[in-house]
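Asks: Provided herewith: entry-v6.pdb, PDB, C-alpha atoms, pLDDT in the B column.
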ATOM      1  CA  MET Y   1       6.184 -12.223  -6.172  1.00 39.00           C
ATOM      2  CA  ILE Y   2       3.111 -10.084  -6.616  1.00 49.00           C
ATOM      3  CA  GLY Y   3       3.238  -7.787  -9.616  1.00 53.00           C
ATOM      4  CA  GLY Y   4       0.979  -5.129 -10.983  1.00 57.00           C
ATOM      5  CA  ALA Y   5       0.546  -1.574 -11.993  1.00 62.00           C
ATOM      6  CA  THR Y   6       2.000   1.345 -10.095  1.00 70.00           C
ATOM      7  CA  LEU Y   7       0.818   4.919  -9.933  1.00 76.00           C
ATOM      8  CA  TRP Y   8       3.601   7.491  -9.946  1.00 77.00           C
ATOM      9  CA  VAL Y   9       3.560  11.107  -8.845  1.00 84.00           C
ATOM     10  CA  LEU Y  10       6.488  13.054 -10.209  1.00 83.00           C
ATOM     11  CA  LYS Y  11       8.191  15.838  -8.300  1.00 85.00           C
ATOM     12  CA  GLY Y  12       8.532  19.358  -9.613  1.00 91.00           C
ATOM     13  CA  ARG Y  13       4.869  19.862 -10.515  1.00 92.00           C
ATOM     14  CA  PRO Y  14       2.599  22.754  -9.467  1.00 94.00           C
ATOM     15  CA  ILE Y  15       0.916  22.524  -6.051  1.00 95.00           C
ATOM     16  CA  ALA Y  16      -2.520  22.464  -7.699  1.00 96.00           C
ATOM     17  CA  GLU Y  17      -1.594  19.235  -9.491  1.00 94.00           C
ATOM     18  CA  TYR Y  18      -0.527  17.609  -6.223  1.00 94.00           C
ATOM     19  CA  LYS Y  19      -3.841  18.601  -4.652  1.00 96.00           C
ATOM     20  CA  GLY Y  20      -5.610  16.962  -7.584  1.00 96.00           C
ATOM     21  CA  VAL Y  21      -3.476  13.838  -7.267  1.00 94.00           C
ATOM     22  CA  ALA Y  22      -4.240  13.641  -3.540  1.00 94.00           C
ATOM     23  CA  LYS Y  23      -7.984  13.847  -4.252  1.00 96.00           C
ATOM     24  CA  PHE Y  24      -7.636  11.177  -6.928  1.00 95.00           C
ATOM     25  CA  PHE Y  25      -5.771   8.843  -4.551  1.00 91.00           C
ATOM     26  CA  VAL Y  26      -8.423   9.388  -1.867  1.00 92.00           C
ATOM     27  CA  PHE Y  27     -11.068   8.526  -4.464  1.00 94.00           C
ATOM     28  CA  LEU Y  28      -9.199   5.391  -5.595  1.00 90.00           C
ATOM     29  CA  SER Y  29      -8.754   4.244  -1.992  1.00 88.00           C
ATOM     30  CA  ARG Y  30     -12.457   4.314  -1.147  1.00 93.00           C
ATOM     31  CA  PRO Y  31     -13.693   0.784  -0.382  1.00 95.00           C
ATOM     32  CA  GLU Y  32     -16.444   0.888  -2.997  1.00 96.00           C
ATOM     33  CA  ILE Y  33     -13.996   1.990  -5.705  1.00 95.00           C
ATOM     34  CA  GLN Y  34     -11.401  -0.606  -4.678  1.00 92.00           C
ATOM     35  CA  ALA Y  35     -14.087  -3.314  -4.534  1.00 95.00           C
ATOM     36  CA  ARG Y  36     -15.289  -2.417  -8.032  1.00 96.00           C
ATOM     37  CA  TRP Y  37     -11.697  -2.351  -9.336  1.00 92.00           C
ATOM     38  CA  HIS Y  38     -10.954  -5.705  -7.705  1.00 92.00           C
ATOM     39  CA  GLN Y  39     -14.130  -7.306  -9.050  1.00 95.00           C
ATOM     40  CA  ALA Y  40     -13.671  -5.996 -12.598  1.00 94.00           C
ATOM     41  CA  SER Y  41      -9.927  -6.483 -12.964  1.00 89.00           C
ATOM     42  CA  GLY Y  42      -8.951  -9.412 -10.764  1.00 85.00           C
ATOM     43  CA  TYR Y  43      -6.339  -7.336  -8.938  1.00 86.00           C
ATOM     44  CA  LEU Y  44      -6.245  -7.954  -5.204  1.00 86.00           C
ATOM     45  CA  PRO Y  45      -8.117  -5.376  -3.116  1.00 86.00           C
ATOM     46  CA  ILE Y  46      -5.682  -3.006  -1.418  1.00 81.00           C
ATOM     47  CA  THR Y  47      -7.652  -2.725   1.809  1.00 85.00           C
ATOM     48  CA  ARG Y  48      -9.482  -5.135   4.072  1.00 87.00           C
ATOM     49  CA  ALA Y  49     -12.525  -2.854   3.780  1.00 93.00           C
ATOM     50  CA  ALA Y  50     -12.644  -3.409   0.000  1.00 93.00           C
ATOM     51  CA  TYR Y  51     -12.326  -7.164   0.488  1.00 93.00           C
ATOM     52  CA  GLU Y  52     -15.091  -7.212   3.111  1.00 95.00           C
ATOM     53  CA  LEU Y  53     -17.362  -5.100   0.898  1.00 97.00           C
ATOM     54  CA  THR Y  54     -16.786  -7.472  -2.031  1.00 97.00           C
ATOM     55  CA  ARG Y  55     -17.591 -10.433   0.200  1.00 96.00           C
ATOM     56  CA  LYS Y  56     -20.707  -8.692   1.577  1.00 97.00           C
ATOM     57  CA  GLN Y  57     -21.871  -7.948  -1.976  1.00 97.00           C
ATOM     58  CA  GLY Y  58     -21.792 -11.681  -2.716  1.00 97.00           C
ATOM     59  CA  PHE Y  59     -19.150 -11.436  -5.428  1.00 97.00           C
ATOM     60  CA  TYR Y  60     -17.208 -14.486  -4.216  1.00 96.00           C
ATOM     61  CA  ASP Y  61     -20.396 -16.558  -3.957  1.00 97.00           C
ATOM     62  CA  ARG Y  62     -21.373 -15.630  -7.525  1.00 97.00           C
ATOM     63  CA  ASN Y  63     -17.821 -16.161  -8.804  1.00 96.00           C
ATOM     64  CA  PRO Y  64     -16.399 -19.271  -7.141  1.00 95.00           C
ATOM     65  CA  GLY Y  65     -12.621 -19.355  -6.969  1.00 93.00           C
ATOM     66  CA  THR Y  66     -12.098 -15.592  -7.139  1.00 92.00           C
ATOM     67  CA  GLU Y  67     -11.326 -15.404  -3.431  1.00 92.00           C
ATOM     68  CA  ILE Y  68      -8.570 -18.035  -3.544  1.00 90.00           C
ATOM     69  CA  SER Y  69      -5.713 -15.639  -4.314  1.00 85.00           C
ATOM     70  CA  ILE Y  70      -6.698 -13.339  -1.451  1.00 86.00           C
ATOM     71  CA  LYS Y  71      -6.796 -16.238   0.977  1.00 85.00           C
ATOM     72  CA  GLN Y  72      -3.448 -17.491  -0.288  1.00 82.00           C
ATOM     73  CA  ILE Y  73      -1.857 -14.083   0.273  1.00 78.00           C
ATOM     74  CA  THR Y  74      -3.513 -12.992   3.513  1.00 77.00           C
ATOM     75  CA  LEU Y  75      -4.750 -15.942   5.519  1.00 72.00           C
ATOM     76  CA  LYS Y  76      -1.456 -17.676   6.188  1.00 69.00           C
ATOM     77  CA  GLU Y  77       1.330 -16.841   8.608  1.00 77.00           C
ATOM     78  CA  PRO Y  78       4.012 -14.829   6.793  1.00 72.00           C
ATOM     79  CA  THR Y  79       7.249 -16.563   5.941  1.00 73.00           C
ATOM     80  CA  ALA Y  80      10.739 -15.147   5.509  1.00 66.00           C
ATOM     81  CA  ASN Y  81       9.988 -14.945   1.777  1.00 63.00           C
ATOM     82  CA  THR Y  82       6.643 -13.142   2.076  1.00 64.00           C
ATOM     83  CA  LYS Y  83       7.088 -10.638   4.887  1.00 63.00           C
ATOM     84  CA  GLY Y  84       6.743  -7.087   3.678  1.00 56.00           C
ATOM     85  CA  LEU Y  85       4.987  -7.846   0.415  1.00 52.00           C
ATOM     86  CA  ARG Y  86       1.855  -6.041   1.549  1.00 61.00           C
ATOM     87  CA  LEU Y  87       3.680  -3.183   3.242  1.00 71.00           C
ATOM     88  CA  GLY Y  88       1.663   0.001   2.895  1.00 75.00           C
ATOM     89  CA  SER Y  89       3.586   2.902   1.336  1.00 84.00           C
ATOM     90  CA  PHE Y  90       6.441   0.523   0.525  1.00 83.00           C
ATOM     91  CA  VAL Y  91       8.210   2.923  -1.823  1.00 84.00           C
ATOM     92  CA  GLN Y  92       8.241   5.766   0.721  1.00 91.00           C
ATOM     93  CA  VAL Y  93       9.489   3.478   3.496  1.00 91.00           C
ATOM     94  CA  ARG Y  94      12.208   2.130   1.210  1.00 88.00           C
ATOM     95  CA  GLU Y  95      13.306   5.692   0.383  1.00 92.00           C
ATOM     96  CA  VAL Y  96      13.570   6.507   4.093  1.00 95.00           C
ATOM     97  CA  ILE Y  97      15.710   3.426   4.708  1.00 92.00           C
ATOM     98  CA  GLU Y  98      17.953   4.221   1.732  1.00 92.00           C
ATOM     99  CA  ASP Y  99      18.321   7.839   2.871  1.00 94.00           C
ATOM    100  CA  GLU Y 100      19.284   6.873   6.406  1.00 95.00           C
ATOM    101  CA  ILE Y 101      21.762   4.216   5.245  1.00 93.00           C
ATOM    102  CA  GLU Y 102      23.357   6.755   2.898  1.00 94.00           C
ATOM    103  CA  GLN Y 103      23.738   9.236   5.761  1.00 95.00           C
ATOM    104  CA  ALA Y 104      25.494   6.546   7.814  1.00 94.00           C
ATOM    105  CA  ILE Y 105      27.776   5.516   4.934  1.00 93.00           C
ATOM    106  CA  LEU Y 106      28.757   9.132   4.352  1.00 94.00           C
ATOM    107  CA  GLY Y 107      29.620   9.433   8.022  1.00 95.00           C
ATOM    108  CA  LYS Y 108      27.056  12.159   8.629  1.00 96.00           C
ATOM    109  CA  VAL Y 109      25.162  10.065  11.191  1.00 95.00           C
ATOM    110  CA  ALA Y 110      26.205   7.188  13.427  1.00 96.00           C
ATOM    111  CA  PRO Y 111      24.885   3.834  12.116  1.00 95.00           C
ATOM    112  CA  LYS Y 112      22.697   3.210  15.187  1.00 96.00           C
ATOM    113  CA  ALA Y 113      21.221   6.712  14.954  1.00 96.00           C
ATOM    114  CA  ALA Y 114      20.509   6.189  11.236  1.00 96.00           C
ATOM    115  CA  LEU Y 115      18.717   2.908  11.917  1.00 95.00           C
ATOM    116  CA  ASP Y 116      16.739   4.419  14.791  1.00 96.00           C
ATOM    117  CA  SER Y 117      15.721   7.310  12.544  1.00 97.00           C
ATOM    118  CA  ALA Y 118      14.709   4.910   9.748  1.00 96.00           C
ATOM    119  CA  VAL Y 119      12.476   3.035  12.192  1.00 95.00           C
ATOM    120  CA  ARG Y 120      10.887   6.237  13.517  1.00 97.00           C
ATOM    121  CA  ARG Y 121      10.322   7.757  10.058  1.00 96.00           C
ATOM    122  CA  GLY Y 122       9.122   4.458   8.588  1.00 93.00           C
ATOM    123  CA  ASN Y 123       6.631   3.988  11.409  1.00 93.00           C
ATOM    124  CA  GLU Y 124       5.284   7.511  10.832  1.00 95.00           C
ATOM    125  CA  ILE Y 125       4.644   6.646   7.176  1.00 93.00           C
ATOM    126  CA  LEU Y 126       2.960   3.375   8.148  1.00 91.00           C
ATOM    127  CA  ARG Y 127       0.696   5.118  10.676  1.00 91.00           C
ATOM    128  CA  ARG Y 128      -0.425   7.585   7.966  1.00 91.00           C
ATOM    129  CA  PHE Y 129      -1.105   4.660   5.638  1.00 88.00           C
ATOM    130  CA  GLU Y 130      -3.158   2.893   8.342  1.00 85.00           C
ATOM    131  CA  LYS Y 131      -5.285   5.985   8.932  1.00 87.00           C
ATOM    132  CA  ALA Y 132      -5.914   6.429   5.207  1.00 85.00           C
ATOM    133  CA  ASN Y 133      -6.706   2.730   4.623  1.00 78.00           C
ATOM    134  CA  PRO Y 134      -8.924   1.348   7.382  1.00 70.00           C
TER     135      PRO Y 134
END
Show the structure stored in the file as structure tokens.
Replies:
Amino acid sequence: MIGGATLWVLKGRPIAEYKGVAKFFVFLSRPEIQARWHQASGYLPITRAAYELTRKQGFYDRNPGTEISIKQITLKEPTANTKGLRLGSFVQVREVIEDEIEQAILGKVAPKAALDSAVRRGNEILRRFEKANP
């Protein structure tokens, strides 16, 4: 399983802090920032744009072997054991699924309606992630 650092945003903070966090996340997600982070740290780039920029900059040519982990993770057909590992906004999607399952267990929503809602809400989160991470 892939491991690594996680950035957390805690609830209950002033709006101004959330605006600052949003700007920081936008900054961190820029391809040039992600490429620099990837090249300096060895962490996998979080977007294809950061990977392509790193490749275009010649980093993999100058540092043979550094592209192997990316190819291992991304250039093979997913298996039952790897599907979902690179799911954008994983934590938010998981929270939606947990929320909908809880509503069904409590009898507040029919199971099929809860699952349909989880799919709809999860897809909305994924579409936002796609737009923010070309």
Asks: Please build the interface table for segment 69-115 of chain Y against segment 31-52 of chain Y with a cut-off of 12 Å, listing for each qualifying residue the nearest atom pair and the distance in Å to one decimal; count all atoms listed in the file, order rows by chain and increasing number, and write it as a Markdown table.
Replies:
| residue | atom | partner | partner_atom | distance |
| --- | --- | --- | --- | --- |
| Y:Ser69 | CA | Y:Leu44 | CA | 7.8 |
| Y:Ile70 | CA | Y:Leu44 | CA | 6.6 |
| Y:Lys71 | CA | Y:Leu44 | CA | 10.4 |
| Y:Gln72 | CA | Y:Leu44 | CA | 11.1 |
| Y:Ile73 | CA | Y:Leu44 | CA | 9.3 |
| Y:Thr74 | CA | Y:Arg48 | CA | 9.9 |
| Y:Leu75 | CA | Y:Arg48 | CA | 11.9 |
| Y:Leu85 | CA | Y:Ile46 | CA | 11.9 |
| Y:Arg86 | CA | Y:Ile46 | CA | 8.6 |
| Y:Leu87 | CA | Y:Ile46 | CA | 10.5 |
| Y:Gly88 | CA | Y:Ile46 | CA | 9.0 |
| Y:Ser89 | CA | Y:Ile46 | CA | 11.3 |
Asks: Quick one: pull the distance between atom CA of Pro134 of chain Y and atom CA of Leu53 of chain Y, Å, one decimal.
Replies: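 Calculated distance between atom CA of Pro134 of chain Y and atom CA of Leu53 of chain Y is 12.4 Å.
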Asks: I'd like the interatomic distance between atom CA of Glu102 of chain Y and atom CA of Ser117 of chain Y, to a tenth of an Å.
Replies: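 Atom-to-atom, atom CA of Glu102 of chain Y and atom CA of Ser117 of chain Y are spaced 12.3 Å apart.
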Asks: Y:Ile125, Y:Val91, Y:Leu106, Y:Val26: which is nearest Trp8 of chain Y, counting all atoms listed in the file?
Replies: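 Residue with the minimum atom-to-atom distance to Trp8 of chain Y: Y:Val91.
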Asks: How many Å separate atom CA of Leu115 of chain Y from atom CA of Asp99 of chain Y?
Replies: 10.3 Å
Asks: On this file, the PyMOL selection byres ((chain Y and resi 93) around 9) gives some set of residues; write that set as number ranges by chain.
Replies: Y: 87-92, 94-98, 118, 121-123, 125-126
Asks: Provide an axis-aligned box for all listed atoms of segment 93-106 of chain Y, padding each side by 4 Å; report its centre and its edge lengths in Å to one decimal, as AutoDock Vina command-line options.
Replies:
--center_x 19.1 --center_y 5.7 --center_z 4.1 --size_x 27.3 --size_y 15.1 --size_z 15.4
